[in-house]
Each structure stands twice: as structure tokens, then as C-alpha cells.
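data_10.txt follows (compact mmCIF, C-alpha atoms):
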# COMPACT_ATOMS: atom_id res chain seq x y z
CA MET M 151 0.00 0.00 0.00
CA ARG M 152 0.98 3.65 -0.18
CA TRP M 153 2.36 3.62 3.34
CA ILE M 154 5.49 5.47 2.24
CA HIS M 155 3.28 8.50 1.72
CA ALA M 156 2.38 8.29 5.38
CA ALA M 157 5.71 7.15 6.69
CA GLY M 158 8.74 7.96 4.60
CA ARG M 159 7.08 11.01 3.08
CA GLY M 160 5.21 12.25 6.13
CA PHE M 161 8.33 12.04 8.22
CA LEU M 162 10.04 14.63 6.06
CA VAL M 163 7.70 17.55 5.74
CA LEU M 164 8.24 19.39 8.97
CA ALA M 165 11.36 21.51 8.70
CA VAL M 166 9.62 24.87 8.62
CA VAL M 167 8.47 24.65 12.23
CA LEU M 168 11.53 22.92 13.59
CA ALA M 169 13.94 25.80 14.11
CA GLY M 170 11.52 27.74 16.31
CA TYR M 171 10.12 24.75 18.09
CA ILE M 172 10.99 23.75 21.65
CA ALA M 173 10.10 20.11 21.78
CA ALA M 174 6.75 19.44 23.35
CA GLY M 175 7.12 16.74 25.90
CA ALA M 176 10.78 17.51 26.55
CA HIS M 177 10.37 15.51 29.73
CA ALA M 178 8.89 12.52 27.89
CA GLY M 179 11.50 9.98 28.78
CA GLY M 180 11.31 6.70 26.98
CA GLY M 181 12.91 4.59 29.68
CA ALA M 182 15.69 4.53 32.22
CA ALA M 183 18.43 3.25 29.94
CA GLY M 184 20.26 5.50 27.54
CA GLY M 185 19.22 9.06 28.44
CA ARG M 186 20.01 11.68 25.82
CA GLY M 187 22.39 11.56 22.90
CA PRO M 188 22.66 10.95 19.16
CA LEU M 189 20.00 8.96 17.33
CA THR M 190 19.75 6.92 14.18
CA VAL M 191 16.34 6.99 12.53
CA ALA M 192 15.19 4.45 9.96
CA THR M 193 12.48 5.30 7.45
CA ALA M 194 11.54 4.69 3.85
CA GLY M 195 13.32 6.57 1.06
CA ASP M 196 13.09 10.35 0.80
CA LEU M 197 10.60 11.10 -1.97
CA THR M 198 9.94 14.75 -1.17
CA GLY M 199 13.21 16.58 -0.58
CA TYR M 200 12.11 17.78 2.87
CA LEU M 201 14.29 15.32 4.75
CA GLY M 202 17.53 17.29 4.57
CA PRO M 203 16.06 20.53 5.98
CA LEU M 204 14.22 18.59 8.69
CA LEU M 205 17.37 16.98 9.98
CA GLU M 206 19.41 20.15 9.61
CA GLY M 207 16.83 21.97 11.72
CA TRP M 208 16.70 19.33 14.43
CA ASN M 209 20.45 18.93 14.56
CA GLY M 210 20.95 22.69 14.67
CA THR M 211 18.73 23.12 17.72
CA HIS M 212 19.65 19.82 19.41
CA PRO M 213 23.42 19.56 18.96
CA GLY M 214 23.71 16.91 21.66
CA GLU M 215 20.98 14.78 20.09
CA ARG M 216 21.97 14.78 16.45
CA VAL M 217 19.97 12.51 14.18
CA THR M 218 21.50 10.38 11.47
CA LEU M 219 19.03 9.14 8.89
CA VAL M 220 19.08 5.70 7.33
CA GLU M 221 16.93 5.70 4.21
CA LEU M 222 15.58 2.29 3.28
CA PRO M 223 13.94 1.37 -0.04
CA ASP M 224 10.67 2.94 -1.17
CA SER M 225 8.98 -0.48 -1.28
CA ALA M 226 7.14 -1.35 1.93
CA ASP M 227 8.13 -5.02 1.62
CA GLU M 228 11.82 -4.18 1.19
CA THR M 229 11.78 -1.64 4.00
CA HIS M 230 10.15 -4.19 6.30
CA ALA M 231 12.74 -6.81 5.38
CA GLN M 232 15.68 -4.51 6.04
CA MET M 233 14.28 -3.24 9.33
CA ALA M 234 13.62 -6.78 10.52
CA THR M 235 17.10 -7.93 9.53
CA ASP M 236 18.70 -5.07 11.45
CA LEU M 237 16.54 -5.48 14.54
CA ARG M 238 17.36 -9.19 14.74
CA ASP M 239 20.98 -8.16 15.34
CA GLY M 240 20.10 -7.12 18.88
CA ASP M 241 22.79 -4.94 20.44
CA ARG M 242 24.38 -4.51 17.03
CA SER M 243 21.25 -2.89 15.61
CA ARG M 244 21.90 0.52 14.04
CA PHE M 245 18.39 1.90 14.52
CA ASP M 246 17.04 3.86 17.49
CA VAL M 247 13.75 5.26 16.15
CA LEU M 248 11.73 3.41 13.53
CA ASN M 249 9.08 4.93 11.29
CA ILE M 250 6.96 1.83 10.69
CA ASP M 251 3.81 0.97 8.82
CA VAL M 252 0.91 0.72 11.26
CA SER M 253 0.44 -2.95 10.40
CA TRP M 254 3.91 -3.86 11.67
CA THR M 255 3.43 -2.77 15.29
CA SER M 256 2.12 -6.12 16.53
CA GLU M 257 4.83 -8.09 14.74
CA PHE M 258 7.69 -5.91 15.99
CA ALA M 259 6.31 -5.86 19.54
CA ALA M 260 5.76 -9.63 19.70
CA ALA M 261 9.28 -10.21 18.40
CA GLY M 262 10.74 -8.03 21.16
CA TRP M 263 12.23 -5.55 18.70
CA ILE M 264 10.53 -2.40 20.01
CA ARG M 265 10.02 -1.29 23.57
CA GLN M 266 6.80 -0.71 25.43
CA LEU M 267 6.12 3.01 25.88
CA PRO M 268 4.40 4.78 28.79
CA ARG M 269 1.01 6.11 27.71
CA ASP M 270 1.23 9.20 29.90
CA ARG M 271 4.35 10.46 28.11
CA PHE M 272 2.56 11.20 24.84
CA PRO M 273 -0.54 13.25 23.91
CA LEU M 274 -2.69 10.25 22.98
CA LYS M 275 -5.95 11.89 24.10
CA THR M 276 -5.49 14.58 21.46
CA PHE M 277 -5.39 12.01 18.64
CA LEU M 278 -8.28 10.65 16.61
CA PRO M 279 -9.28 7.64 18.78
CA PRO M 280 -8.95 4.80 16.24
CA VAL M 281 -5.33 5.61 15.40
CA VAL M 282 -4.13 4.77 18.90
CA ASP M 283 -5.25 1.17 18.48
CA THR M 284 -2.76 0.73 15.61
CA ALA M 285 0.07 1.46 18.06
CA THR M 286 -0.88 -1.18 20.63
CA TYR M 287 -0.24 -4.88 21.03
CA ASP M 288 -1.72 -7.07 23.74
CA GLY M 289 -3.23 -3.97 25.32
CA ARG M 290 0.09 -2.16 25.68
CA LEU M 291 1.50 0.86 23.83
CA TYR M 292 4.49 -0.02 21.66
CA ALA M 293 4.56 2.98 19.30
CA VAL M 294 3.09 6.45 18.89
CA PRO M 295 0.85 7.31 15.91
CA TYR M 296 2.47 9.84 13.61
CA VAL M 297 0.43 9.90 10.40
CA THR M 298 -2.94 8.28 9.84
CA ASN M 299 -4.79 7.45 6.65
CA ALA M 300 -8.13 6.11 5.50
CA GLY M 301 -9.41 5.07 2.12
CA LEU M 302 -11.79 7.38 0.26
CA LEU M 303 -13.97 6.93 -2.80
CA LEU M 304 -12.94 9.54 -5.36
CA TYR M 305 -15.47 10.29 -8.10
CA ARG M 306 -15.99 12.52 -11.10
CA LYS M 307 -18.26 15.31 -9.88
CA ASP M 308 -18.91 16.58 -13.39
CA VAL M 309 -20.09 13.23 -14.71
CA LEU M 310 -22.42 12.49 -11.80
CA ALA M 311 -23.80 16.04 -11.96
CA LYS M 312 -24.64 15.62 -15.65
CA GLU M 313 -26.44 12.38 -14.82
CA GLY M 314 -28.25 13.96 -11.88
CA VAL M 315 -27.14 11.29 -9.39
CA PRO M 316 -25.42 11.68 -6.03
CA PRO M 317 -22.16 9.89 -5.22
CA PRO M 318 -22.77 6.27 -4.23
CA ARG M 319 -23.30 5.34 -0.60
CA THR M 320 -23.84 1.61 -1.16
CA TRP M 321 -22.24 -1.14 -3.19
CA ALA M 322 -25.39 -1.47 -5.27
CA GLU M 323 -25.26 2.22 -6.21
CA LEU M 324 -21.56 2.03 -7.00
CA GLU M 325 -22.06 -1.06 -9.13
CA ARG M 326 -25.02 0.47 -11.00
CA ASP M 327 -23.21 3.72 -11.79
CA ALA M 328 -19.93 2.04 -12.70
CA GLU M 329 -21.74 -0.36 -15.02
CA THR M 330 -24.16 2.06 -16.69
CA ILE M 331 -22.83 5.63 -16.45
CA ALA M 332 -19.10 5.10 -16.96
CA PRO M 333 -19.37 3.57 -20.48
CA ARG M 334 -21.43 6.53 -21.71
CA TYR M 335 -18.44 8.77 -21.04
CA GLY M 336 -15.79 6.36 -22.28
CA LEU M 337 -14.63 5.65 -18.73
CA ASP M 338 -13.75 2.55 -16.75
CA GLY M 339 -16.11 2.09 -13.84
CA TYR M 340 -14.24 1.41 -10.62
CA ALA M 341 -10.72 0.55 -9.50
CA GLY M 342 -8.76 0.05 -6.35
CA GLN M 343 -5.38 -1.54 -5.79
CA PHE M 344 -5.71 -5.11 -6.99
CA LEU M 345 -2.16 -6.21 -7.84
CA PRO M 346 -1.11 -8.95 -5.39
CA TYR M 347 0.79 -6.81 -2.86
CA GLU M 348 -0.08 -5.05 0.40
CA GLY M 349 -2.64 -2.84 -1.33
CA LEU M 350 -4.72 -5.86 -2.26
CA THR M 351 -4.73 -6.95 1.38
CA VAL M 352 -6.09 -3.52 2.27
CA ASN M 353 -8.80 -3.58 -0.42
CA ALA M 354 -9.85 -7.11 0.53
CA ALA M 355 -9.96 -6.28 4.24
CA GLU M 356 -12.08 -3.21 3.54
CA ALA M 357 -14.56 -5.30 1.58
CA VAL M 358 -14.77 -7.89 4.36
CA TYR M 359 -15.03 -5.26 7.12
CA SER M 360 -17.65 -3.28 5.22
CA ALA M 361 -19.83 -6.40 5.00
CA GLY M 362 -19.53 -6.82 8.77
CA GLY M 363 -16.86 -9.51 8.81
CA THR M 364 -13.38 -9.88 10.24
CA ILE M 365 -10.26 -11.80 9.27
CA LEU M 366 -8.48 -12.46 12.57
CA GLY M 367 -9.38 -12.04 16.24
CA ASP M 368 -7.57 -12.03 19.57
CA GLU M 369 -4.37 -10.41 18.25
CA GLY M 370 -4.12 -13.04 15.54
CA ALA M 371 -4.76 -16.05 17.77
CA ARG M 372 -8.11 -16.83 16.16
CA VAL M 373 -9.06 -17.05 12.48
CA THR M 374 -12.50 -15.51 11.89
CA VAL M 375 -12.63 -15.09 8.13
CA ASN M 376 -14.82 -18.09 7.30
CA SER M 377 -18.10 -16.19 7.36
CA ALA M 378 -20.97 -15.09 5.17
CA ALA M 379 -19.74 -11.50 5.50
CA ALA M 380 -16.32 -12.39 4.12
CA ARG M 381 -17.92 -14.25 1.22
CA GLU M 382 -20.09 -11.21 0.51
CA GLY M 383 -17.13 -8.82 0.59
CA ILE M 384 -14.82 -10.89 -1.61
CA GLY M 385 -17.78 -11.66 -3.85
CA PHE M 386 -18.42 -7.96 -4.44
CA LEU M 387 -14.91 -7.50 -5.84
CA VAL M 388 -15.00 -10.73 -7.84
CA ARG M 389 -18.33 -9.80 -9.39
CA GLY M 390 -16.94 -6.43 -10.45
CA VAL M 391 -14.11 -8.04 -12.42
CA ARG M 392 -16.35 -10.73 -13.89
CA GLU M 393 -18.98 -8.24 -15.03
CA GLY M 394 -16.48 -5.69 -16.27
CA TRP M 395 -17.24 -2.62 -14.17
CA ILE M 396 -13.88 -3.29 -12.55
CA PRO M 397 -11.58 -3.39 -15.60
CA LYS M 398 -9.13 -6.27 -15.86
CA ARG M 399 -6.30 -3.74 -16.12
CA ALA M 400 -7.07 -2.80 -12.51
CA LEU M 401 -5.60 -6.17 -11.48
CA THR M 402 -2.21 -4.57 -12.23
CA TYR M 403 -2.85 -1.39 -10.24
CA LYS M 404 -1.03 -0.26 -7.14
CA GLU M 405 -1.69 3.16 -5.57
CA GLU M 406 0.21 5.17 -8.11
CA GLU M 407 -1.09 3.38 -11.21
CA SER M 408 -4.70 3.69 -10.04
CA LYS M 409 -4.19 7.35 -9.10
CA GLN M 410 -2.77 8.05 -12.54
CA ALA M 411 -5.69 6.36 -14.27
CA PHE M 412 -8.15 8.55 -12.38
CA GLN M 413 -6.02 11.67 -12.76
CA ASP M 414 -5.77 11.12 -16.52
CA GLY M 415 -9.56 10.99 -16.80
CA ARG M 416 -9.94 7.25 -17.37
CA LEU M 417 -12.00 6.28 -14.30
CA LEU M 418 -15.37 7.23 -12.88
CA PHE M 419 -14.65 5.90 -9.36
CA LEU M 420 -11.43 5.17 -7.49
CA ARG M 421 -10.68 3.82 -4.04
CA ASN M 422 -7.41 5.39 -2.84
CA TRP M 423 -5.79 7.38 -0.04
CA PRO M 424 -6.25 11.17 0.31
CA TYR M 425 -2.96 11.90 -1.45
CA ALA M 426 -4.69 10.79 -4.67
CA TYR M 427 -7.37 13.45 -4.17
CA VAL M 428 -4.66 16.07 -3.83
CA GLY M 429 -2.88 14.89 -6.98
CA ALA M 430 -6.06 14.66 -9.03
CA SER M 431 -7.09 18.15 -7.93
CA ALA M 432 -3.74 19.77 -8.66
CA GLU M 433 -2.89 21.99 -11.60
CA GLY M 434 -2.02 19.86 -14.61
CA SER M 435 -4.43 17.07 -13.75
CA ALA M 436 -6.93 16.26 -16.49
CA VAL M 437 -9.71 16.23 -13.88
CA ALA M 438 -8.69 19.21 -11.72
CA GLY M 439 -11.77 20.91 -10.29
CA ARG M 440 -13.96 17.91 -11.09
CA VAL M 441 -13.05 15.58 -8.21
CA GLY M 442 -15.21 14.68 -5.25
CA ALA M 443 -14.60 12.37 -2.29
CA VAL M 444 -16.94 10.41 -0.03
CA PRO M 445 -16.48 7.57 2.44
CA LEU M 446 -16.15 4.11 0.94
CA PRO M 447 -19.53 2.52 0.24
CA GLY M 448 -20.69 -0.67 1.93
CA PRO M 449 -23.59 -3.09 1.43
CA ASP M 450 -26.19 -0.88 3.14
CA GLY M 451 -24.46 2.48 3.54
CA PRO M 452 -20.97 3.84 4.23
CA GLY M 453 -18.45 1.04 4.59
CA THR M 454 -15.31 0.58 6.65
CA SER M 455 -11.86 1.72 5.59
CA VAL M 456 -8.64 0.14 6.75
CA LEU M 457 -6.48 2.50 8.77
CA GLY M 458 -3.23 3.39 7.06
CA GLY M 459 -0.35 5.55 8.13
CA SER M 460 2.77 5.15 10.19
CA ASN M 461 3.79 4.86 13.82
CA LEU M 462 7.01 5.88 15.52
CA ALA M 463 8.63 3.17 17.63
CA VAL M 464 11.76 2.97 19.76
CA SER M 465 14.09 0.03 19.26
CA THR M 466 14.59 -2.22 22.25
CA HIS M 467 18.30 -1.53 21.86
CA ALA M 468 18.02 2.25 21.40
CA ARG M 469 21.15 3.94 22.68
CA HIS M 470 19.44 7.08 23.98
CA SER M 471 15.84 6.35 24.81
CA ASP M 472 15.06 9.75 26.32
CA SER M 473 16.16 11.53 23.14
CA ALA M 474 14.09 9.05 21.13
CA ALA M 475 11.00 9.94 23.18
CA ARG M 476 11.73 13.67 22.82
CA LEU M 477 11.94 13.32 19.06
CA ILE M 478 8.65 11.42 18.97
CA ALA M 479 7.02 14.06 21.19
CA TYR M 480 8.19 16.72 18.74
CA LEU M 481 6.89 14.88 15.70
CA THR M 482 3.46 14.44 17.27
CA SER M 483 3.15 18.02 18.55
CA GLU M 484 0.37 20.14 17.07
CA PRO M 485 2.66 22.60 15.20
CA VAL M 486 4.42 19.72 13.48
CA GLN M 487 1.21 17.82 12.80
CA ARG M 488 -0.17 20.94 11.13
CA GLN M 489 2.84 20.92 8.82
CA VAL M 490 2.27 17.24 8.06
CA LEU M 491 -0.99 18.34 6.49
CA THR M 492 -0.10 21.72 4.97
CA ARG M 493 3.33 20.77 3.63
CA GLY M 494 2.76 17.11 2.85
CA ALA M 495 -1.02 16.85 2.33
CA LEU M 496 -0.89 13.89 4.69
CA PRO M 497 -3.52 13.06 7.32
CA PRO M 498 -2.37 14.14 10.78
CA VAL M 499 -3.27 12.26 13.95
CA ARG M 500 -4.28 15.37 15.94
CA ALA M 501 -8.08 15.50 16.07
CA ALA M 502 -8.37 19.29 16.42
CA LEU M 503 -6.78 19.90 13.03
CA TYR M 504 -9.75 18.27 11.29
CA GLU M 505 -12.04 21.00 12.65
CA ASP M 506 -9.85 23.99 11.81
CA PRO M 507 -11.83 26.23 9.38
CA GLY M 508 -8.70 27.48 7.62
CA LEU M 509 -7.44 23.98 7.02
CA ILE M 510 -10.85 22.81 5.81
CA ARG M 511 -10.88 25.68 3.33
CA ASP M 512 -7.52 24.57 1.92
CA PHE M 513 -8.23 20.84 2.23
CA PRO M 514 -11.96 20.40 1.60
CA TYR M 515 -11.81 16.62 1.97
CA LEU M 516 -10.91 16.87 5.70
CA PRO M 517 -14.46 16.37 7.07
CA THR M 518 -14.91 13.30 4.87
CA LEU M 519 -11.50 11.99 5.88
CA ARG M 520 -12.28 12.51 9.56
CA GLU M 521 -15.53 10.56 9.12
CA SER M 522 -13.64 7.76 7.38
CA VAL M 523 -10.88 7.58 9.99
CA LEU M 524 -13.36 7.50 12.87
CA ALA M 525 -15.19 4.58 11.22
CA ALA M 526 -12.01 2.78 10.14
CA ALA M 527 -10.44 -0.38 11.53
CA PRO M 528 -6.85 -1.63 11.70
CA ARG M 529 -5.60 -4.35 9.42
CA PRO M 530 -5.68 -7.82 11.01
CA LYS M 531 -3.41 -7.75 14.05
CA SER M 532 -0.91 -10.58 14.16
CA PRO M 533 2.67 -11.21 15.24
CA ARG M 534 3.04 -12.74 11.76
CA TYR M 535 1.32 -10.00 9.83
CA ASP M 536 3.76 -10.33 6.93
CA GLN M 537 2.63 -13.93 6.41
CA VAL M 538 -1.04 -13.03 6.93
CA SER M 539 -0.82 -10.39 4.21
CA LEU M 540 0.89 -12.73 1.75
CA VAL M 541 -1.88 -15.30 2.20
CA VAL M 542 -4.64 -12.73 1.72
CA GLN M 543 -2.97 -11.31 -1.40
CA ALA M 544 -2.50 -14.69 -3.04
CA VAL M 545 -5.94 -16.08 -2.30
CA VAL M 546 -7.92 -12.96 -3.17
CA HIS M 547 -5.97 -12.48 -6.40
CA ASP M 548 -6.83 -16.03 -7.41
CA ALA M 549 -10.48 -15.20 -6.79
CA LEU M 550 -10.29 -11.96 -8.80
CA THR M 551 -8.73 -13.77 -11.75
CA GLY M 552 -11.43 -16.43 -11.71
CA ARG M 553 -9.30 -19.31 -10.44
CA GLU M 554 -11.50 -19.72 -7.36
CA THR M 555 -15.03 -18.82 -6.38
CA PRO M 556 -15.49 -16.42 -3.46
CA GLU M 557 -16.78 -19.33 -1.37
CA ALA M 558 -13.73 -21.46 -2.11
CA ALA M 559 -11.41 -18.49 -1.57
CA VAL M 560 -12.81 -17.81 1.90
CA ARG M 561 -12.46 -21.49 2.90
CA ARG M 562 -8.88 -21.47 1.62
CA LEU M 563 -8.15 -18.25 3.51
CA ALA M 564 -9.33 -19.87 6.73
CA ARG M 565 -7.13 -22.95 6.19
CA GLU M 566 -3.99 -21.09 5.21
CA LEU M 567 -4.28 -18.43 7.89
CA ALA M 568 -4.75 -21.14 10.53
CA ALA M 569 -1.55 -22.81 9.33
CA ILE M 570 0.66 -19.75 9.95
CA PRO M 571 3.01 -20.40 12.89
CA ALA M 572 2.53 -18.13 15.89
CA ASP M 573 6.19 -17.33 16.70
CA PRO M 574 7.40 -14.35 14.63
CA ARG M 575 11.09 -14.81 15.44
Now that the file is in, can you turn its structure into C-alpha cells?
Amino acid sequence: MRWIHAAGRGFLVLAVVLAGYIAAGAHAGGGAAGGRGPLTVATAGDLTGYLGPLLEGWNGTHPGERVTLVELPDSADETHAQMATDLRDGDRSRFDVLNIDVSWTSEFAAAGWIRQLPRDRFPLKTFLPPVVDTATYDGRLYAVPYVTNAGLLLYRKDVLAKEGVPPPRTWAELERDAETIAPRYGLDGYAGQFLPYEGLTVNAAEAVYSAGGTILGDEGARVTVNSAAAREGIGFLVRGVREGWIPKRALTYKEEESKQAFQDGRLLFLRNWPYAYVGASAEGSAVAGRVGAVPLPGPDGPGTSVLGGSNLAVSTHARHSDSAARLIAYLTSEPVQRQVLTRGALPPVRAALYEDPGLIRDFPYLPTLRESVLAAAPRPKSPRYDQVSLVVQAVVHDALTGRETPEAAVRRLARELAAIPADPR
């Protein structure tokens, strides 16, 4: 999924406020060991150019706590692999602070790679409530939310206005409009991210959640996917491909490919993250000024998005845990979170920013995004999330390509998820 937009990218956009900022939570110690000193921060590759100024600003005002950045690949899978390899080295690990995809928190915590954090050291009550759950494992806080995200349904306002129909609130409405209206304008109907990678796990989970189902329970200890709701959710996507209102080319789409298709004026509807709304609305886009956004539809009304974004965690072997906590407190302060939105167009975790009239004027999708985040759910929690995601990707892709029926796919999901070993190490 496009987690690098919420992790690698979001982590870089904050230099403007840094020089004048005195870190909020300067007393937010992360633990007894280590105290203050230099830090090494691991994140995905710098895609924005804001990283250099950010670190120059922090290092200039915190000379005793200088940060060295380690940029990992842009790919979420490769970044995960390199972080995991380093963290397995124990005392030889290079990383102190980790900017991790929200879905990795349970795995890293269960493996003993990141330390438990005291809840009272961070402003968790100021965050949108659902995002805090992505930072916990077994009821304990192991990271601090930094950037959140929720899927939105983007649509062509001009086309629906000409047809005199509102944006869809249900799957039936989406299916009807994608099947009947889109062809009249030479458009494909609907797309998400259906290539077999993390994005497909997200799209599949959203379909299952929206139908009222779940995939795992009890922090991954129980497989719950074998249900009528899961069959309905997977069946909705399969039917779209079979009937053609989801084009077969969408089976090759990741975030960027699907965003480009919509931005180029080739799609009526698109499920994507808010960054795609910003890109499609920007100068140079073929659909600028003609883009709307609503919550994802479900069977009987608004559906359920998967929470995206990134969390900041402290390595178990961090050399200077107090400095690590101070840096995290800075990154989650309101001035910095405001810059996450205004400089990076990324969804902040601070709830108050979603009600700021000036920000809503500049980012008109904020009320819709807030609604989607508040109704969203985390991806399936598991100490072996990497294996869970691979199973979901493979099985759902086989269903989308017609190799398995939705019923058979759900039964296979239940079998293969139950066979995943519990120990992540």
C-alpha cells in the first residue's frame, strides 16, 4: 500500500516549524536506559526533498541529540525486510527510532524488537481515537501514531452532476453507476489496488469489514474469516471483475497506477488514499476541479476503511531512549502535525486539526477523511502479519482472476491463515 506517503514522506515535511520549536514533551523519557544523545532513525526513502532541511533543523537546535538518517527502499516489503534484519541483530542494531507501517506494530512488539512506551508520556488523548489502536499490542502501547490514513472513494463530480445522481453510498449504487454511467463517457467504472501486494490486502480487508466480517481475532490467535460476510465482501470485488465494471487492467494497479488512471480521466470511481485526491485536484491534472470524495460505500451504507499511516517506535536496543522519546514528542506536537498536512497533504493524527476552518478551506476533503478515519479499523493484528498479508494477497488475487469462487477463496483463507506459525522470530 501507499504507506510510504504516510511514513517515509510524512516524516520529512516538517522543517519549517523545527527551528523555532521547543520540543513538546521535553520531559517525555522513553525509559531509564540510555538518556540523551545521538540517534539513528530508519524510514523509507526520501521522496519529497524535505528530509535534509528537517534533519538540519533538528540537529541545529539539538546539537547533543543529532539525528542520522538511514533511508531504506521505497517499497514497503523491502523496508520491512531490512528493518527486521537489522533489529534481529540485537545490540548490534543501528536503529534507534523506527518509522513503521501501522500494520507492523504487533509483529515488531511480539518479536521483542521495540520497547513498550508509557502512555502518559505522549498526547494520545489529542489524537483521533482509532489511530491509537494501531500502536498497541496485547493492550500495551508499543509505538506512537504519527500519520494516519483512510481510504476514500474519489469520483468525477462533473459526470455524476450531468447524470443527476449523487455519489454512491452503497455497493449497489456504485455497481449500478460504474456499469451504466461510466461507459457513456468512455470511462472505466471502478478501480482500487488489486495487484497482489499489500494494497490488495487492504482492499480485501475493507470489503470484508464493510460487509460486517473480520479476518483475525484475539491479536491473531483466532481465524474468523470463514463467514458469510467475508464471502459477501470478496464476492463484491469478484463480481466487479467478472462483469467488467472493474476493468481487468485494474488487477495490475497499485496506488500510483490507479491514481494516474483517475487523474488522466480514465476512471469514474477510485478507491485510494487522500494523497490521490490532492494529486487529481492539482494543476495539470486532467480532472482538476472535477473531483469529489466520499467515504467508501458498503452493502447498506458507508463502509469501513482500513487504517493506514505510520507509527514511531523505539528500538529495544536504542542507545538514547530519552532523546528518542523527545523526538517522537516533537513529531506528534500540534505545530508539526499541522505541517504534516499543509506541507505534505498527509492526514495528521491530531483531532483538532480536522475541525480547523482554515485547514478545511484549503483541504476540503478533511471532514470526509475525519468521518472515514473514525469509522475505520486496523488491518488484522498478528505477530506474523507479513505472512497473513501474503496469504490474503495470493488467495484474493486467485479469486479476482477467476481461479476460485469467493466461497472457495474464503475457505482457503481460513485454512492457510490457521496454518501460519505463531512465533514471529
* Select, from M:Tyr287, M:Phe245, M:Trp263, M:Phe344, the residue with the minimum atom-to-atom distance to Ala544 (chain M), counting all atoms listed in the file. =>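 Nearest candidate to Ala544 (chain M) out of M:Tyr287, M:Phe245, M:Trp263, M:Phe344: M:Phe344.
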Kindly assemble as JSON lines a list of the region 397-455 of chain M residues that lie within 10 Å of region 294-313 of chain M, each paired with its nearest atom pair and their distance in Å to one decimal, using all atoms listed in the file, sorted first by chain and then by ascending residue number.
{"residue": "M:Lys409", "atom": "CA", "partner": "M:Leu304", "partner_atom": "CA", "distance": 9.8}
{"residue": "M:Phe412", "atom": "CA", "partner": "M:Leu304", "partner_atom": "CA", "distance": 8.6}
{"residue": "M:Gly415", "atom": "CA", "partner": "M:Arg306", "partner_atom": "CA", "distance": 8.7}
{"residue": "M:Leu417", "atom": "CA", "partner": "M:Arg306", "partner_atom": "CA", "distance": 8.1}
{"residue": "M:Leu418", "atom": "CA", "partner": "M:Arg306", "partner_atom": "CA", "distance": 5.6}
{"residue": "M:Phe419", "atom": "CA", "partner": "M:Tyr305", "partner_atom": "CA", "distance": 4.6}
{"residue": "M:Leu420", "atom": "CA", "partner": "M:Leu304", "partner_atom": "CA", "distance": 5.1}
{"residue": "M:Arg421", "atom": "CA", "partner": "M:Leu303", "partner_atom": "CA", "distance": 4.7}
{"residue": "M:Asn422", "atom": "CA", "partner": "M:Gly301", "partner_atom": "CA", "distance": 5.4}
{"residue": "M:Trp423", "atom": "CA", "partner": "M:Gly301", "partner_atom": "CA", "distance": 4.8}
{"residue": "M:Pro424", "atom": "CA", "partner": "M:Leu302", "partner_atom": "CA", "distance": 6.7}
{"residue": "M:Tyr425", "atom": "CA", "partner": "M:Asn299", "partner_atom": "CA", "distance": 9.4}
{"residue": "M:Ala426", "atom": "CA", "partner": "M:Leu304", "partner_atom": "CA", "distance": 8.4}
{"residue": "M:Tyr427", "atom": "CA", "partner": "M:Leu304", "partner_atom": "CA", "distance": 6.9}
{"residue": "M:Ala430", "atom": "CA", "partner": "M:Leu304", "partner_atom": "CA", "distance": 9.3}
{"residue": "M:Val437", "atom": "CA", "partner": "M:Arg306", "partner_atom": "CA", "distance": 7.8}
{"residue": "M:Ala438", "atom": "CA", "partner": "M:Arg306", "partner_atom": "CA", "distance": 9.9}
{"residue": "M:Gly439", "atom": "CA", "partner": "M:Lys307", "partner_atom": "CA", "distance": 8.6}
{"residue": "M:Arg440", "atom": "CA", "partner": "M:Lys307", "partner_atom": "CA", "distance": 5.2}
{"residue": "M:Val441", "atom": "CA", "partner": "M:Arg306", "partner_atom": "CA", "distance": 5.1}
{"residue": "M:Gly442", "atom": "CA", "partner": "M:Tyr305", "partner_atom": "CA", "distance": 5.2}
{"residue": "M:Ala443", "atom": "CA", "partner": "M:Leu304", "partner_atom": "CA", "distance": 4.5}
{"residue": "M:Val444", "atom": "CA", "partner": "M:Leu303", "partner_atom": "CA", "distance": 5.3}
{"residue": "M:Pro445", "atom": "CA", "partner": "M:Leu302", "partner_atom": "CA", "distance": 5.2}
{"residue": "M:Leu446", "atom": "CA", "partner": "M:Leu303", "partner_atom": "CA", "distance": 5.2}
{"residue": "M:Pro447", "atom": "CA", "partner": "M:Leu303", "partner_atom": "CA", "distance": 7.7}
{"residue": "M:Thr454", "atom": "CA", "partner": "M:Gly301", "partner_atom": "CA", "distance": 8.7}
{"residue": "M:Ser455", "atom": "CA", "partner": "M:Gly301", "partner_atom": "CA", "distance": 5.4}
* Scan for residues within 10 Å of the point (4.8, -12.2, 14.8) in the coordinates of the file, using all atoms listed in the file, and reply as an MDAnalysis selection string. => chainID M and resid 254:262 369:370 531:538 570:575
* To do: Find the residue from M:Gly363, M:Gly394, M:Thr286, M:Leu345 that sits nearest to Glu329 (chain M); use all atoms listed in the file when measuring.
  => M:Gly394
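For Gly185 (chain M), the set of protein, DNA and RNA residues having any atom at most 7 Å away, when counting all atoms listed in the file and skipping those fewer than 3 positions along the same chain, is Ala182, His470, Ser471, Asp472 and Ser473 of chain M.
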Can you spit out the residues from that selection as a PDB file, in the frame of the given file, using C-alpha atoms?
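What ended up in out-v6.pdb:
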ATOM      1  CA  ALA M 182      15.690   4.530  32.220  1.00  0.00           C
ATOM      2  CA  HIS M 470      19.440   7.080  23.980  1.00  0.00           C
ATOM      3  CA  SER M 471      15.840   6.350  24.810  1.00  0.00           C
ATOM      4  CA  ASP M 472      15.060   9.750  26.320  1.00  0.00           C
ATOM      5  CA  SER M 473      16.160  11.530  23.140  1.00  0.00           C
TER       6      SER M 473
END
* Go through M:Thr351, M:Thr466, M:Thr482, M:Thr492 one by one, measure the shortest atom-to-atom distance of each to His547 (chain M) using all atoms listed in the file, and give the residue with the smallest value. =>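 Closest to His547 (chain M) of all the choices is M:Thr351.
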* To do: Find the residue from M:Asn209, M:Thr551, M:Thr193, M:Thr402 that sits nearest to Arg389 (chain M); use only C-alpha atoms when measuring.
  => M:Thr551
* Asked: Of the candidates M:Arg186, M:Lys275, M:His230, M:Arg372, which one gets nearest to Val217 (chain M) if we count only C-alpha atoms?
  ->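 The answer is M:Arg186, which sits nearest to Val217 (chain M).
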* Structure fact -> From CA of Glu405 (chain M) to CA of Tyr359 (chain M) the spacing works out at 20.2 Å
* For Leu274 (chain M), list every protein, DNA or RNA residue within 12 Å, evaluated using all atoms listed in the file, and leave out those in the same chain fewer than 5 positions away; present the list as a count of residues only. => 22
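Comparing M:Pro498, M:Pro223, M:Gly214, M:Pro397 by their smallest distance to Leu278 (chain M), the closest is M:Pro498 (using all atoms listed in the file).
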